[in-house]
Each structure stands twice: as structure tokens, then as C-alpha cells.
>>> print(open('my_file-v9.csv').read())   # CSV, C-alpha atoms and all ligand atoms
chain,number,residue,atom,x,y,z
A,1,MET,CA,-13.9,9.3,-62.2
A,2,SER,CA,-17.2,7.5,-62.7
A,3,GLU,CA,-17.0,4.1,-64.2
A,4,LEU,CA,-19.2,1.4,-65.7
A,5,HIS,CA,-17.9,-2.2,-66.2
A,6,LYS,CA,-19.7,-4.9,-68.1
A,7,PHE,CA,-18.9,-8.5,-68.0
A,8,ILE,CA,-20.2,-12.0,-68.9
A,9,PHE,CA,-19.7,-15.3,-67.1
A,10,ASP,CA,-17.7,-17.4,-69.6
A,11,GLY,CA,-19.8,-20.2,-70.9
A,12,LEU,CA,-22.8,-19.3,-68.8
A,13,PRO,CA,-26.0,-17.5,-69.9
A,14,VAL,CA,-25.4,-14.8,-67.3
A,15,ARG,CA,-24.1,-11.2,-67.7
A,16,GLY,CA,-23.4,-8.4,-65.3
A,17,SER,CA,-22.5,-4.8,-65.0
A,18,ILE,CA,-21.3,-2.7,-62.2
A,19,VAL,CA,-21.4,1.1,-61.9
A,20,ARG,CA,-19.7,3.6,-59.6
A,21,LEU,CA,-20.8,7.2,-60.1
A,22,THR,CA,-18.5,9.5,-58.3
A,23,ASP,CA,-17.9,12.8,-60.0
A,24,ALA,CA,-21.1,12.4,-62.1
A,25,TRP,CA,-23.0,12.0,-58.9
A,26,THR,CA,-21.4,14.7,-56.8
A,27,ASP,CA,-21.8,17.1,-59.7
A,28,ILE,CA,-25.6,16.5,-59.5
A,29,LEU,CA,-25.6,17.0,-55.7
A,30,ALA,CA,-23.4,20.2,-55.9
A,31,ARG,CA,-25.7,21.8,-58.4
A,32,ARG,CA,-28.7,21.2,-56.2
A,33,ASP,CA,-26.7,22.5,-53.2
A,34,ALA,CA,-26.0,25.7,-55.1
A,35,ASN,CA,-29.7,26.2,-55.9
A,36,GLN,CA,-30.7,28.9,-53.4
A,37,ALA,CA,-34.4,28.4,-54.1
A,38,THR,CA,-34.3,24.7,-53.0
A,39,GLY,CA,-31.1,23.9,-51.1
A,40,ALA,CA,-29.8,20.4,-50.9
A,41,TRP,CA,-32.0,17.3,-51.0
A,42,PRO,CA,-32.7,15.7,-47.6
A,43,PRO,CA,-30.4,12.6,-47.4
A,44,PRO,CA,-33.1,10.0,-47.9
A,45,VAL,CA,-34.2,11.8,-51.1
A,46,ALA,CA,-30.6,12.0,-52.3
A,47,GLU,CA,-30.1,8.3,-51.6
A,48,LEU,CA,-33.2,7.4,-53.6
A,49,LEU,CA,-32.1,9.6,-56.5
A,50,GLY,CA,-28.5,8.2,-56.4
A,51,GLU,CA,-29.9,4.6,-56.6
A,52,MET,CA,-32.1,5.6,-59.5
A,53,ALA,CA,-29.2,7.2,-61.3
A,54,ALA,CA,-27.0,4.1,-60.8
A,55,ALA,CA,-29.9,1.8,-61.9
A,56,GLY,CA,-30.5,4.0,-65.0
A,57,VAL,CA,-26.9,3.6,-66.1
A,58,LEU,CA,-27.0,-0.1,-65.6
A,59,MET,CA,-30.2,-0.5,-67.6
A,60,GLN,CA,-29.2,1.9,-70.4
A,61,SER,CA,-25.9,0.1,-70.8
A,62,ASN,CA,-27.8,-3.2,-71.4
A,63,ILE,CA,-29.9,-2.1,-74.3
A,64,LYS,CA,-29.1,-1.5,-77.9
A,65,PHE,CA,-31.1,1.6,-78.3
A,66,ASN,CA,-30.2,5.2,-79.3
A,67,GLY,CA,-32.1,7.4,-77.0
A,68,ALA,CA,-32.8,8.3,-73.4
A,69,LEU,CA,-33.8,5.9,-70.7
A,70,VAL,CA,-35.8,7.6,-68.1
A,71,LEU,CA,-36.7,6.3,-64.6
A,72,GLN,CA,-39.5,8.2,-62.9
A,73,ILE,CA,-41.1,7.6,-59.5
A,74,TYR,CA,-44.2,9.4,-58.4
A,75,GLY,CA,-47.0,8.9,-56.0
A,76,SER,CA,-47.9,10.5,-52.7
A,77,GLY,CA,-45.6,11.8,-50.0
A,78,PRO,CA,-43.1,14.7,-49.8
A,79,VAL,CA,-41.3,13.5,-53.0
A,80,LYS,CA,-43.7,14.6,-55.8
A,81,VAL,CA,-41.5,13.1,-58.5
A,82,ALA,CA,-38.0,11.7,-58.8
A,83,VAL,CA,-36.4,11.4,-62.2
A,84,ALA,CA,-33.1,9.9,-63.5
A,85,GLU,CA,-32.4,10.1,-67.2
A,86,VAL,CA,-29.5,8.4,-68.9
A,87,GLN,CA,-28.5,8.9,-72.6
A,88,HIS,CA,-27.1,6.3,-74.9
A,89,ASP,CA,-23.6,7.7,-74.3
A,90,LEU,CA,-24.1,7.3,-70.5
A,91,SER,CA,-24.4,11.0,-69.9
A,92,LEU,CA,-27.0,11.4,-67.1
A,93,ARG,CA,-29.0,13.9,-65.1
A,94,ALA,CA,-31.4,13.5,-62.2
A,95,THR,CA,-33.7,15.5,-60.1
A,96,ALA,CA,-36.4,15.3,-57.5
A,97,LYS,CA,-39.2,17.6,-56.5
A,98,VAL,CA,-39.7,17.7,-52.7
A,99,VAL,CA,-42.5,19.5,-50.9
A,100,GLY,CA,-42.6,19.6,-47.1
A,101,GLU,CA,-40.5,17.9,-44.5
A,102,VAL,CA,-38.6,14.6,-45.0
A,103,ASP,CA,-37.9,12.5,-41.9
A,104,ALA,CA,-34.2,11.5,-41.6
A,105,ASN,CA,-35.2,7.9,-41.5
A,106,ALA,CA,-37.8,8.0,-44.3
A,107,ARG,CA,-38.1,4.9,-46.3
A,108,LEU,CA,-39.2,4.7,-50.0
A,109,SER,CA,-42.9,4.4,-49.0
A,110,ASP,CA,-42.6,7.4,-46.6
A,111,LEU,CA,-41.1,9.4,-49.4
A,112,VAL,CA,-43.4,8.7,-52.3
A,113,ASN,CA,-45.8,5.9,-51.6
A,114,VAL,CA,-47.8,7.0,-48.6
A,115,GLY,CA,-51.2,6.1,-50.2
A,116,ASN,CA,-49.7,2.9,-51.8
A,117,LYS,CA,-50.5,4.1,-55.3
A,118,GLY,CA,-46.9,5.0,-56.1
A,119,ARG,CA,-45.5,4.1,-59.5
A,120,CYS,CA,-42.2,3.7,-61.3
A,121,ALA,CA,-42.2,4.4,-65.0
A,122,ILE,CA,-39.5,3.2,-67.3
A,123,THR,CA,-39.4,5.2,-70.5
A,124,LEU,CA,-37.3,4.6,-73.6
A,125,ASP,CA,-37.4,7.8,-75.7
A,126,PRO,CA,-35.7,7.4,-79.1
A,127,LYS,CA,-33.2,10.1,-80.0
A,128,ASP,CA,-34.6,10.7,-83.5
A,129,ARG,CA,-38.3,9.9,-83.3
A,130,PHE,CA,-40.1,9.6,-86.6
A,131,PRO,CA,-43.4,11.6,-86.9
A,132,GLY,CA,-46.0,10.2,-84.6
A,133,GLN,CA,-43.7,7.8,-82.9
A,134,GLN,CA,-44.3,7.6,-79.1
A,135,PRO,CA,-41.7,6.7,-76.5
A,136,TYR,CA,-42.0,3.2,-75.2
A,137,GLN,CA,-43.1,3.2,-71.5
A,138,GLY,CA,-43.6,0.5,-68.9
A,139,VAL,CA,-45.1,1.2,-65.5
A,140,VAL,CA,-44.9,-0.9,-62.3
A,141,PRO,CA,-46.4,-0.2,-58.9
A,142,LEU,CA,-44.3,0.3,-55.7
A,143,HIS,CA,-46.1,-2.6,-54.1
A,144,GLY,CA,-45.9,-6.4,-54.4
A,145,ASP,CA,-48.5,-8.9,-55.5
A,146,HIS,CA,-50.2,-8.7,-52.1
A,147,ARG,CA,-50.1,-4.9,-52.0
A,148,GLU,CA,-47.3,-5.0,-49.5
A,149,LYS,CA,-45.2,-1.8,-49.9
A,150,ILE,CA,-41.8,-2.3,-51.4
A,151,GLU,CA,-39.0,-0.3,-49.7
A,152,ASN,CA,-36.2,-0.8,-52.2
A,153,ILE,CA,-36.2,0.6,-55.7
A,154,SER,CA,-33.9,-2.3,-56.7
A,155,GLU,CA,-36.8,-4.7,-55.9
A,156,VAL,CA,-39.2,-2.6,-57.9
A,157,LEU,CA,-36.9,-2.7,-60.9
A,158,GLN,CA,-36.3,-6.4,-60.6
A,159,HIS,CA,-40.1,-6.9,-60.8
A,160,TYR,CA,-40.2,-4.7,-63.9
A,161,MET,CA,-37.4,-6.6,-65.6
A,162,LEU,CA,-39.1,-9.9,-64.9
A,163,GLN,CA,-42.7,-8.9,-65.8
A,164,SER,CA,-42.1,-6.7,-68.8
A,165,GLU,CA,-38.9,-8.2,-70.2
A,166,GLN,CA,-39.1,-11.8,-69.0
A,167,LEU,CA,-35.5,-11.4,-67.7
A,168,ASP,CA,-34.3,-12.7,-64.3
A,169,THR,CA,-32.5,-9.8,-62.8
A,170,THR,CA,-30.6,-9.2,-59.6
A,171,LEU,CA,-30.0,-5.6,-58.7
A,172,VAL,CA,-28.0,-4.2,-55.7
A,173,LEU,CA,-28.0,-0.4,-55.3
A,174,ALA,CA,-26.6,2.0,-52.9
A,175,ALA,CA,-25.9,5.8,-52.7
A,176,ASP,CA,-24.6,8.3,-50.2
A,177,SER,CA,-23.3,11.9,-50.6
A,178,LYS,CA,-20.2,10.8,-52.5
A,179,VAL,CA,-21.0,7.7,-54.5
A,180,ALA,CA,-24.0,6.2,-56.3
A,181,ALA,CA,-23.3,2.6,-57.2
A,182,GLY,CA,-25.0,-0.5,-58.5
A,183,LEU,CA,-24.5,-4.1,-59.5
A,184,LEU,CA,-26.7,-5.9,-62.0
A,185,ILE,CA,-26.8,-9.6,-62.8
A,186,GLN,CA,-29.1,-10.9,-65.5
A,187,ARG,CA,-29.9,-14.2,-67.0
A,188,LEU,CA,-29.7,-14.2,-70.7
A,189,PRO,CA,-32.5,-15.7,-72.7
A,190,LEU,CA,-31.6,-19.4,-73.5
A,191,GLU,CA,-32.1,-19.5,-77.2
A,192,GLY,CA,-30.7,-16.3,-78.1
A,193,GLU,CA,-32.2,-14.2,-80.9
A,194,GLY,CA,-35.0,-16.7,-81.7
A,195,ASN,CA,-36.2,-16.8,-78.1
A,196,LEU,CA,-36.1,-13.1,-77.9
A,197,ALA,CA,-38.1,-12.6,-81.1
A,198,GLY,CA,-40.8,-15.0,-79.7
A,199,SER,CA,-41.1,-13.3,-76.4
A,200,ARG,CA,-41.1,-9.9,-77.9
A,201,THR,CA,-44.1,-10.5,-80.2
A,202,ALA,CA,-46.0,-12.3,-77.5
A,203,GLY,CA,-45.1,-10.3,-74.5
A,204,PRO,CA,-47.1,-7.2,-73.5
A,205,PRO,CA,-46.8,-4.3,-73.3
A,206,GLN,CA,-44.1,-3.9,-75.9
A,207,GLY,CA,-45.3,-2.3,-79.1
A,208,ALA,CA,-44.1,-3.1,-82.6
A,209,GLY,CA,-40.4,-2.3,-82.9
A,210,ALA,CA,-40.1,-1.2,-79.3
A,211,PRO,CA,-36.7,-1.6,-77.9
A,212,SER,CA,-36.5,-4.1,-75.2
A,213,VAL,CA,-34.6,-3.4,-72.0
A,214,GLY,CA,-31.8,-5.8,-71.5
A,215,SER,CA,-32.6,-7.9,-74.5
A,216,ALA,CA,-29.5,-7.2,-76.5
A,217,ALA,CA,-26.8,-9.9,-76.6
A,218,PRO,CA,-23.5,-8.6,-75.3
A,219,PRO,CA,-20.8,-7.7,-77.8
A,220,GLY,CA,-18.8,-10.8,-78.7
A,221,ALA,CA,-21.5,-13.2,-77.8
A,222,GLN,CA,-21.5,-16.2,-80.1
A,223,ARG,CA,-25.0,-16.6,-81.4
A,224,GLY,CA,-25.7,-20.3,-81.5
A,225,GLY,CA,-22.3,-21.0,-80.2
A,226,PRO,CA,-21.6,-24.2,-78.3
A,227,SER,CA,-21.3,-22.6,-74.9
A,228,PHE,CA,-23.2,-19.3,-74.9
A,229,PHE,CA,-26.7,-19.9,-76.1
A,230,SER,CA,-28.0,-23.4,-75.6
A,231,LYS,CA,-29.8,-25.1,-78.5
A,232,ALA,CA,-32.4,-26.9,-76.5
A,233,ASN,CA,-34.3,-26.5,-73.3
A,234,GLU,CA,-32.8,-29.6,-71.8
A,235,ASP,CA,-30.0,-27.5,-70.4
A,236,GLU,CA,-32.3,-24.9,-68.8
A,237,ILE,CA,-32.3,-26.3,-65.3
A,238,GLY,CA,-28.5,-26.4,-65.2
A,239,LEU,CA,-28.2,-23.0,-66.6
A,240,ASN,CA,-30.8,-21.6,-64.1
A,241,GLU,CA,-28.7,-23.1,-61.4
A,242,ASP,CA,-25.8,-21.0,-62.7
A,243,TYR,CA,-27.8,-17.9,-62.6
A,244,ASN,CA,-29.2,-18.7,-59.2
A,245,ARG,CA,-25.7,-19.3,-57.8
A,246,ILE,CA,-24.4,-16.1,-59.2
A,247,ALA,CA,-27.5,-14.1,-58.1
A,248,ILE,CA,-27.0,-15.3,-54.5
A,249,LEU,CA,-23.4,-14.2,-54.6
A,250,ALA,CA,-24.4,-10.8,-56.0
A,251,SER,CA,-27.1,-10.4,-53.3
A,252,SER,CA,-24.6,-11.0,-50.6
A,253,LEU,CA,-22.9,-7.7,-51.6
A,254,LYS,CA,-23.4,-5.2,-48.7
A,255,ARG,CA,-24.3,-1.6,-49.1
A,256,GLU,CA,-21.0,-0.4,-47.5
A,257,GLU,CA,-18.9,-2.7,-49.8
A,258,LEU,CA,-20.7,-1.4,-52.9
A,259,LEU,CA,-20.0,2.2,-51.7
A,260,GLU,CA,-16.5,1.9,-50.5
A,261,LEU,CA,-14.7,-0.8,-52.5
A,262,ASP,CA,-13.3,-0.4,-56.0
A,263,VAL,CA,-14.8,-2.4,-58.8
A,264,ASP,CA,-12.0,-5.0,-59.1
A,265,THR,CA,-12.1,-5.8,-55.4
A,266,ILE,CA,-15.9,-6.2,-55.5
A,267,LEU,CA,-15.8,-8.5,-58.5
A,268,HIS,CA,-13.0,-10.6,-57.0
A,269,ARG,CA,-14.7,-10.9,-53.6
A,270,LEU,CA,-18.0,-12.0,-55.1
A,271,PHE,CA,-17.0,-14.0,-58.2
A,272,TRP,CA,-13.4,-15.2,-57.6
A,273,GLN,CA,-14.5,-18.8,-58.4
A,274,GLU,CA,-16.2,-17.8,-61.7
A,275,LYS,CA,-14.6,-17.0,-65.0
A,276,LEU,CA,-15.4,-13.4,-66.0
A,277,LEU,CA,-14.9,-11.9,-69.5
A,278,ARG,CA,-14.7,-8.2,-69.1
A,279,PHE,CA,-15.4,-5.4,-71.5
A,280,GLU,CA,-13.7,-2.1,-71.9
A,281,PRO,CA,-15.0,0.2,-69.1
A,282,GLN,CA,-17.1,3.3,-69.9
A,283,THR,CA,-17.3,6.7,-68.2
A,284,PRO,CA,-20.7,8.0,-67.3
A,285,GLN,CA,-20.8,11.7,-66.9
A,286,PHE,CA,-23.2,14.4,-65.8
A,287,ALA,CA,-24.7,16.4,-68.7
A,288,CYS,CA,-27.9,18.3,-69.0
A,289,THR,CA,-29.9,18.4,-72.2
A,290,CYS,CA,-31.7,21.6,-71.5
A,291,SER,CA,-31.2,24.6,-73.8
A,292,ARG,CA,-32.6,28.0,-74.4
A,293,ASP,CA,-34.3,26.7,-77.5
A,294,ARG,CA,-36.1,24.0,-75.6
A,295,VAL,CA,-37.3,26.4,-72.9
A,296,ALA,CA,-38.6,28.7,-75.7
A,297,ARG,CA,-40.6,25.8,-77.1
A,298,MET,CA,-42.0,25.1,-73.6
A,299,ILE,CA,-43.0,28.8,-73.3
A,300,ARG,CA,-44.7,28.5,-76.7
A,301,GLY,CA,-46.6,25.5,-75.2
A,302,LEU,CA,-48.0,27.7,-72.5
A,303,GLY,CA,-49.7,29.9,-75.0
A,304,GLN,CA,-49.4,33.6,-75.7
A,305,ASP,CA,-52.0,34.7,-73.2
A,306,GLU,CA,-50.3,32.9,-70.3
A,307,ALA,CA,-46.9,34.2,-71.4
A,308,GLN,CA,-48.2,37.8,-71.6
A,309,SER,CA,-49.7,37.6,-68.2
A,310,ILE,CA,-46.4,36.5,-66.6
A,311,LEU,CA,-44.6,39.3,-68.4
A,312,ALA,CA,-47.2,41.9,-67.2
A,313,GLU,CA,-46.8,40.7,-63.7
A,314,ARG,CA,-43.0,40.2,-63.5
A,315,GLY,CA,-41.5,42.0,-66.4
A,316,GLU,CA,-39.8,38.8,-67.7
A,317,ILE,CA,-40.3,35.1,-67.9
A,318,GLU,CA,-37.7,33.3,-65.8
A,319,VAL,CA,-37.3,29.5,-66.1
A,320,GLY,CA,-34.8,27.5,-64.1
A,321,CYS,CA,-33.8,24.0,-65.1
A,322,GLU,CA,-34.6,21.6,-62.3
A,323,PHE,CA,-31.7,19.3,-63.4
A,324,CYS,CA,-28.7,21.6,-63.7
A,325,GLY,CA,-29.8,24.9,-62.2
A,326,GLN,CA,-29.3,26.9,-65.4
A,327,GLN,CA,-31.6,30.0,-65.4
A,328,TYR,CA,-33.2,31.2,-68.7
A,329,ARG,CA,-34.7,34.6,-68.9
A,330,PHE,CA,-37.1,35.9,-71.6
A,331,ASP,CA,-38.2,39.5,-71.8
A,332,ALA,CA,-41.1,41.0,-73.8
A,333,VAL,CA,-39.0,41.1,-77.0
A,334,ASP,CA,-37.8,37.5,-76.6
A,335,ALA,CA,-41.4,36.5,-76.0
A,336,THR,CA,-42.7,38.2,-79.1
A,337,GLN,CA,-40.1,36.4,-81.1
A,338,ILE,CA,-41.1,33.1,-79.6
A,339,PHE,CA,-44.7,33.6,-80.7
A,340,THR,CA,-44.0,34.9,-84.1
A,341,SER,CA,-41.3,32.5,-85.3
A,342,PRO,CA,-42.5,29.2,-86.7
A,343,GLY,CA,-41.7,26.2,-84.6
A,344,ASP,CA,-42.6,22.7,-83.8
A,345,GLN,CA,-44.5,21.3,-80.9
A,346,PRO,CA,-43.6,21.9,-77.3
A,347,PRO,CA,-41.5,19.2,-75.8
A,348,VAL,CA,-43.3,16.4,-73.8
A,349,SER,CA,-40.7,16.6,-71.1
A,350,PRO,CA,-42.3,17.5,-67.7
A,351,THR,CA,-39.0,18.2,-66.2
A,352,VAL,CA,-38.2,21.9,-67.0
A,353,GLN,CA,-40.4,24.1,-64.9
B,401,ZN,ZN,-30.4,21.8,-67.4
>>> encode(input="my_file-v9.csv", output="C-alpha cells", more="lines below")
Ligand SMILES: [Zn+2]
Amino acid sequence: MSELHKFIFDGLPVRGSIVRLTDAWTDILARRDANQATGAWPPPVAELLGEMAAAGVLMQSNIKFNGALVLQIYGSGPVKVAVAEVQHDLSLRATAKVVGEVDANARLSDLVNVGNKGRCAITLDPKDRFPGQQPYQGVVPLHGDHREKIENISEVLQHYMLQSEQLDTTLVLAADSKVAAGLLIQRLPLEGEGNLAGSRTAGPPQGAGAPSVGSAAPPGAQRGGPSFFSKANEDEIGLNEDYNRIAILASSLKREELLELDVDTILHRLFWQEKLLRFEPQTPQFACTCSRDRVARMIRGLGQDEAQSILAERGEIEVGCEFCGQQYRFDAVDATQIFTSPGDQPPVSPTVQ
């Protein structure tokens, strides 16, 4: 079963989480395999997508926010877009659109950043948006400060967490055809809530009231307590040393270890000299949020003329969900209903085609 474990380092401003997606991940791959129109993803694409799914779960589990966290990568190359979406309850789905050949040894830049204009977008989409509310989105390039191409999505996301959230983060990701896994270590803001409030109002690009990735204190954290959040900056150097030491340990984790070892073994190997306080594990699962109703709204968004022309040509409108493979069919009667019943706006989601 897939599992997510969260923990804090007792007395230190450092927290971590580790995820192993097994059934949730193979479910996603199996659905793609079963799609006769596309077939399975080439291994480098599946690996990228698995790492994005693991990262999405780690990031979602660190925010107090009721909605979807969506990681999206797009640019130029055979992968037109790769998407991993994780809900508040850690249900997740992922897909990638591939056009053309993918080399067996393709790196991130070969897949999606050929022209070095590739981007990674991190979107927080609230579950119940009030009218006019926009999802919060941060976008980071797939290159470094000197335009050097970045070949690991973990590095891209570390940049994002540092630049957009002012959070030191170490991320190790790995995926193959059976497991998608990740380890996240993060330095907590030194002065707790006060510090967060300050950085949130000052730090672009967060809008008013935008949830902040990774900014929530872990459950059970003692605000202002003697050991957890320091009262003054004088301790900062020492505390940074703690984070740096733990981050180096985390970075030493090898891809094979992350894929093959169980969570307890990994945590013991890396942090046997540290005191970990662990939380109740959670179970991420595959789930798709598509529905006939949402597809109907999408068709309404196409407009009646476009829908009629598809019907005239093919006799029905057939829409397949890119995430789960579900096929939705609308005949002329269904289409008439779509355009005569009152409804709200088409969904913004670019994912159902
Ligand atoms: Zn679906």
C-alpha cells in the first residue's frame, strides 16, 4: 500500500516527510498501458511523472490548505505537458502528453526543455473557491541562475521553495515502473507564526490570503515553546547547522535505496543519530476527479457551433479522460441538453481533452 510518513526532528527547526507510492503509482501506469490510443509512457517520461507525483504528495502534505496542489511542467520537446495533481486527502492523479519519439536515455531537458524555455508551475486551487477567486500559482524555469539547464525536477522544486516560500528544502525523488518515492527535508521558519506573517506580506508573488506551501507548523508544534521555535535570531546559526547536517544526510540517500528500502529502514539508515518524532502515516491513493458533468461543461465551453460540427462529422462527441482513461460519449440529444440547460462556466482545467 502507498504510504506517507511525516516527522519532525525533536528540538530542531527541521521537519521531514517521506512518501512511497506503490499501488497508487502502478494504478496510474496500468491505466495508461490500457489506453489503446496512446500505449504506455516511454520509461523516461514515466520516471519524470512518478517523481512529480511523489513531490506533489510531499508538498501537499506540508500545507494547511483544502484544495488541489498541481505540478505542471511544459516547454519544448516530446513531452508537451506533464501534470501531477494531489488533493487535500492525498488522492492523486497524473498524466503526460507525449508527441514523437523519446530516447531511452532522455534527460529532463531532452523531454521538455529543448529550447531552455521550459517551466514548472505550482498551482494551489482551493476546493471551494469564492466568486472571482483565482488559484494561486507560482512559476519557475527549468534552468538555473546562469541559464544552465536543470536535469532534476527535485532541484527545480527546491529552487521554487526557496525563492517563493523562503524555505530551505532538500528533496530526493526517484521512480521506476513499480514505485514512485520521495524524501523532503525542510527548515522551519525560526520565529514561528510571527516570522511567517512577515515573510508572507513582504514576499512576492503571494497574493492576499494565498496559502503558502510548506508554511504550516506541524501538528503538535509548540508555538513559542522553548525548543521548537527560537525567540531570537541569536540561535539562527546553530539551527542552520542542524538543518545543514540533516540535509546532507538526506542528500546521501541513493535512488536505489529510496526505491527498494522500506520507510523505517531508510529513516534509520539516514537519521539513526537524530531523535525523530513521527506522525501517524497516511495513505495516498489514485483517484480521478473527472465526471460526466465536468465533461459536459467543457463541451459547453467549446460552443454550440463547434459541438454541432463534431456531431455532424462523427455522429457523437467522444471525450477521453487523459488521467484515468474513462470515455465519455455525447450524442445529439445529450448535446442539445448541454446547450439548453442552464449551467456555470466551463472548468479552467486544461487536462481533459
Ligand atoms: Zn478521469
>>> closest_residue(input="my_file-v9.csv", among="A:Val139, A:Leu270, A:Ala287, A:Ile122", to="ligand ZN 401 (chain B)", atoms="only C-alpha atoms and all ligand atoms")
A:Ala287
>>> atom_distance(input="my_file-v9.csv", atom1="atom CA of Thr336 of chain A", atom2="atom CA of Gly132 of chain A")
28.7 Å
>>> residues_near_ligand(input="my_file-v9.csv", ligand="ligand ZN 401 (chain B)", cutoff="7 Å", atoms="all atoms listed in the file", output="PDB file with C-alpha atoms, keeping the file's coordinate frame")
ATOM      1  CA  CYS A 288     -27.900  18.300 -69.000  1.00  0.00           C
ATOM      2  CA  THR A 289     -29.900  18.400 -72.200  1.00  0.00           C
ATOM      3  CA  CYS A 290     -31.700  21.600 -71.500  1.00  0.00           C
ATOM      4  CA  CYS A 321     -33.800  24.000 -65.100  1.00  0.00           C
ATOM      5  CA  GLU A 322     -34.600  21.600 -62.300  1.00  0.00           C
ATOM      6  CA  PHE A 323     -31.700  19.300 -63.400  1.00  0.00           C
ATOM      7  CA  CYS A 324     -28.700  21.600 -63.700  1.00  0.00           C
ATOM      8  CA  GLY A 325     -29.800  24.900 -62.200  1.00  0.00           C
ATOM      9  CA  GLN A 326     -29.300  26.900 -65.400  1.00  0.00           C
TER      10      GLN A 326
END
>>> residues_around(input="my_file-v9.csv", residues="Val263 of chain A", least_positions_apart="2", cutoff="8 Å", atoms="all atoms listed in the file", output="VMD selection string")
chain A and resid 18 20 261 265 to 267
>>> write_last_selection(input="my_file-v9.csv", atoms="C-alpha atoms", output="PDB file, in the frame of the given file")
ATOM      1  CA  ILE A  18     -21.300  -2.700 -62.200  1.00  0.00           C
ATOM      2  CA  ARG A  20     -19.700   3.600 -59.600  1.00  0.00           C
ATOM      3  CA  LEU A 261     -14.700  -0.800 -52.500  1.00  0.00           C
ATOM      4  CA  THR A 265     -12.100  -5.800 -55.400  1.00  0.00           C
ATOM      5  CA  ILE A 266     -15.900  -6.200 -55.500  1.00  0.00           C
ATOM      6  CA  LEU A 267     -15.800  -8.500 -58.500  1.00  0.00           C
TER       7      LEU A 267
END
>>> residues_around(input="my_file-v9.csv", residues="Gly56 of chain A", least_positions_apart="3", cutoff="7 Å", atoms="only C-alpha atoms", output="ChimeraX atom specification")
/A:52-53,59-60,69,71,84-86
>>> write_last_selection(input="my_file-v9.csv", atoms="C-alpha atoms", output="short mmCIF file (atom, residue, chain, number, x, y, z; two decimals), keeping the file's coordinate frame")
data_model
loop_
_atom_site.label_atom_id
_atom_site.label_comp_id
_atom_site.auth_asym_id
_atom_site.auth_seq_id
_atom_site.Cartn_x
_atom_site.Cartn_y
_atom_site.Cartn_z
CA MET A 52 -32.10 5.60 -59.50
CA ALA A 53 -29.20 7.20 -61.30
CA MET A 59 -30.20 -0.50 -67.60
CA GLN A 60 -29.20 1.90 -70.40
CA LEU A 69 -33.80 5.90 -70.70
CA LEU A 71 -36.70 6.30 -64.60
CA ALA A 84 -33.10 9.90 -63.50
CA GLU A 85 -32.40 10.10 -67.20
CA VAL A 86 -29.50 8.40 -68.90
#
>>> decode(input="my_file-v9.csv", residues="segment 130-150 of chain A", atoms="N, CA and C atoms", output="compact mmCIF listing (two decimals), in the first residue's frame")
# COMPACT_ATOMS: atom_id res chain seq x y z
N PHE A 130 -14.43 31.09 -3.74
CA PHE A 130 -15.49 32.08 -3.75
C PHE A 130 -15.47 32.80 -5.09
N PRO A 131 -16.59 33.44 -5.47
CA PRO A 131 -16.68 34.04 -6.81
C PRO A 131 -15.52 34.98 -7.10
N GLY A 132 -14.89 34.78 -8.23
CA GLY A 132 -13.80 35.66 -8.64
C GLY A 132 -12.45 35.25 -8.10
N GLN A 133 -12.43 34.29 -7.18
CA GLN A 133 -11.15 33.88 -6.60
C GLN A 133 -10.33 33.10 -7.62
N GLN A 134 -9.08 33.46 -7.77
CA GLN A 134 -8.19 32.77 -8.70
C GLN A 134 -7.33 31.78 -7.92
N PRO A 135 -6.96 30.68 -8.57
CA PRO A 135 -5.99 29.81 -7.91
C PRO A 135 -4.66 30.54 -7.76
N TYR A 136 -3.91 30.19 -6.73
CA TYR A 136 -2.58 30.77 -6.54
C TYR A 136 -1.58 29.99 -7.38
N GLN A 137 -0.76 30.68 -8.15
CA GLN A 137 0.22 29.96 -8.96
C GLN A 137 1.61 30.59 -8.92
N GLY A 138 2.61 29.75 -8.73
CA GLY A 138 4.00 30.18 -8.84
C GLY A 138 4.64 29.44 -10.01
N VAL A 139 5.52 30.12 -10.73
CA VAL A 139 6.16 29.50 -11.90
C VAL A 139 7.67 29.67 -11.79
N VAL A 140 8.39 28.58 -12.00
CA VAL A 140 9.85 28.66 -12.01
C VAL A 140 10.39 28.03 -13.30
N PRO A 141 11.53 28.55 -13.78
CA PRO A 141 12.12 28.00 -15.01
C PRO A 141 12.81 26.66 -14.75
N LEU A 142 13.09 25.95 -15.83
CA LEU A 142 13.83 24.69 -15.71
C LEU A 142 15.33 24.92 -15.93
N HIS A 143 15.76 26.17 -15.68
CA HIS A 143 17.20 26.44 -15.74
C HIS A 143 17.61 27.21 -14.50
N GLY A 144 18.92 27.21 -14.25
CA GLY A 144 19.46 27.90 -13.08
C GLY A 144 19.71 29.37 -13.35
N ASP A 145 20.36 30.04 -12.40
CA ASP A 145 20.61 31.48 -12.49
C ASP A 145 21.44 31.85 -13.71
N HIS A 146 22.27 30.94 -14.16
CA HIS A 146 23.12 31.24 -15.32
C HIS A 146 22.63 30.52 -16.57
N ARG A 147 21.34 30.29 -16.58
CA ARG A 147 20.65 29.65 -17.72
C ARG A 147 21.13 28.22 -17.99
N GLU A 148 21.84 27.63 -17.04
CA GLU A 148 22.23 26.22 -17.21
C GLU A 148 20.99 25.36 -17.00
N LYS A 149 20.82 24.37 -17.88
CA LYS A 149 19.63 23.53 -17.80
C LYS A 149 19.68 22.64 -16.56
N ILE A 150 18.57 22.55 -15.86
CA ILE A 150 18.49 21.69 -14.68
C ILE A 150 17.93 20.34 -15.12
